[in-house]
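Notes to accompany the following structure.
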Amino acid sequence: MEIVIAIIGSGLLSAVVSGLIGLYSKHMDRKYVKEDKAADKRDEMENVKKQLAKAEKDNVRLQMLVLMADYPEDESELMRVAEHYFKELKGNWYMTTMFNHWIEEKGIAKPDWLEKE
């Protein structure tokens, strides 16, 4: 009889231990899945931030082109937009040459913030 009780008891103990290990394993799996999802969301947010920064540069570049072409007399506004583009956004694609040509045509001294680029 004692042998039977020992076998049943060890079987029950084994089942409890297996259940606890299974619960812990599921908990850890969920934890890693949550961490993976959080990392994916961080990566996605970084990608969105980069796309927004690029879109802002594109928008400001377009504003500069419009001001240079359609409103050549509005120099102060263009200079403010250009400073934002070159200094704050660190834009420099093809606009540097065009902007330098424009300020030379207008007889405007090269701004300090453009010299530093």
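For the structure tokens, the naming scheme is as follows: chains receive sequential letters (A, B, ...) according to their order of presentation, residues are indexed from 1 within each chain, and ligands are indexed from 1 in presentation order.
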message: Need to verify the contact set: Glu83 in chain A, 10 Å, only C-alpha atoms, exclusion of same-chain residues closer than 6 positions in sequence. Can you return it as a VMD selection string?
response: chain A and resid 77 89 to 91 111 to 114
- prompt: A:Val48, A:Pro72, A:Ala109, A:Arg61: which is nearest Met95 in chain A, counting only C-alpha atoms?
  reply: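 Checking each of A:Val48, A:Pro72, A:Ala109, A:Arg61 against Met95 in chain A, counting only C-alpha atoms, the winner is A:Arg61.
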field: Å distance separating CA of Val60 in chain A from CA of Tyr85 in chain A, one decimal place
entry: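 Computing it gives 6.3 Å between the two atoms.
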- prompt: In range 45-103 of chain A, what's helix (DSSP H, G or I) per DSSP? Answer as a ChimeraX atom specification?
  reply: /A:45-70,75-88,95-103
Surrounding residues of Trp102 in chain A excluding itself and chain neighbours under 5 positions, 12 Å, only C-alpha atoms, as number ranges by chain: A: 64-65, 67-69, 72-73, 75, 78-79, 82, 95-97, 107-110
- request: Tell me, in Å to one decimal, how far CA of Ile21 in chain A is from CA of Ala38 in chain A.
  value: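 Between CA of Ile21 in chain A and CA of Ala38 in chain A the gap is 25.6 Å.
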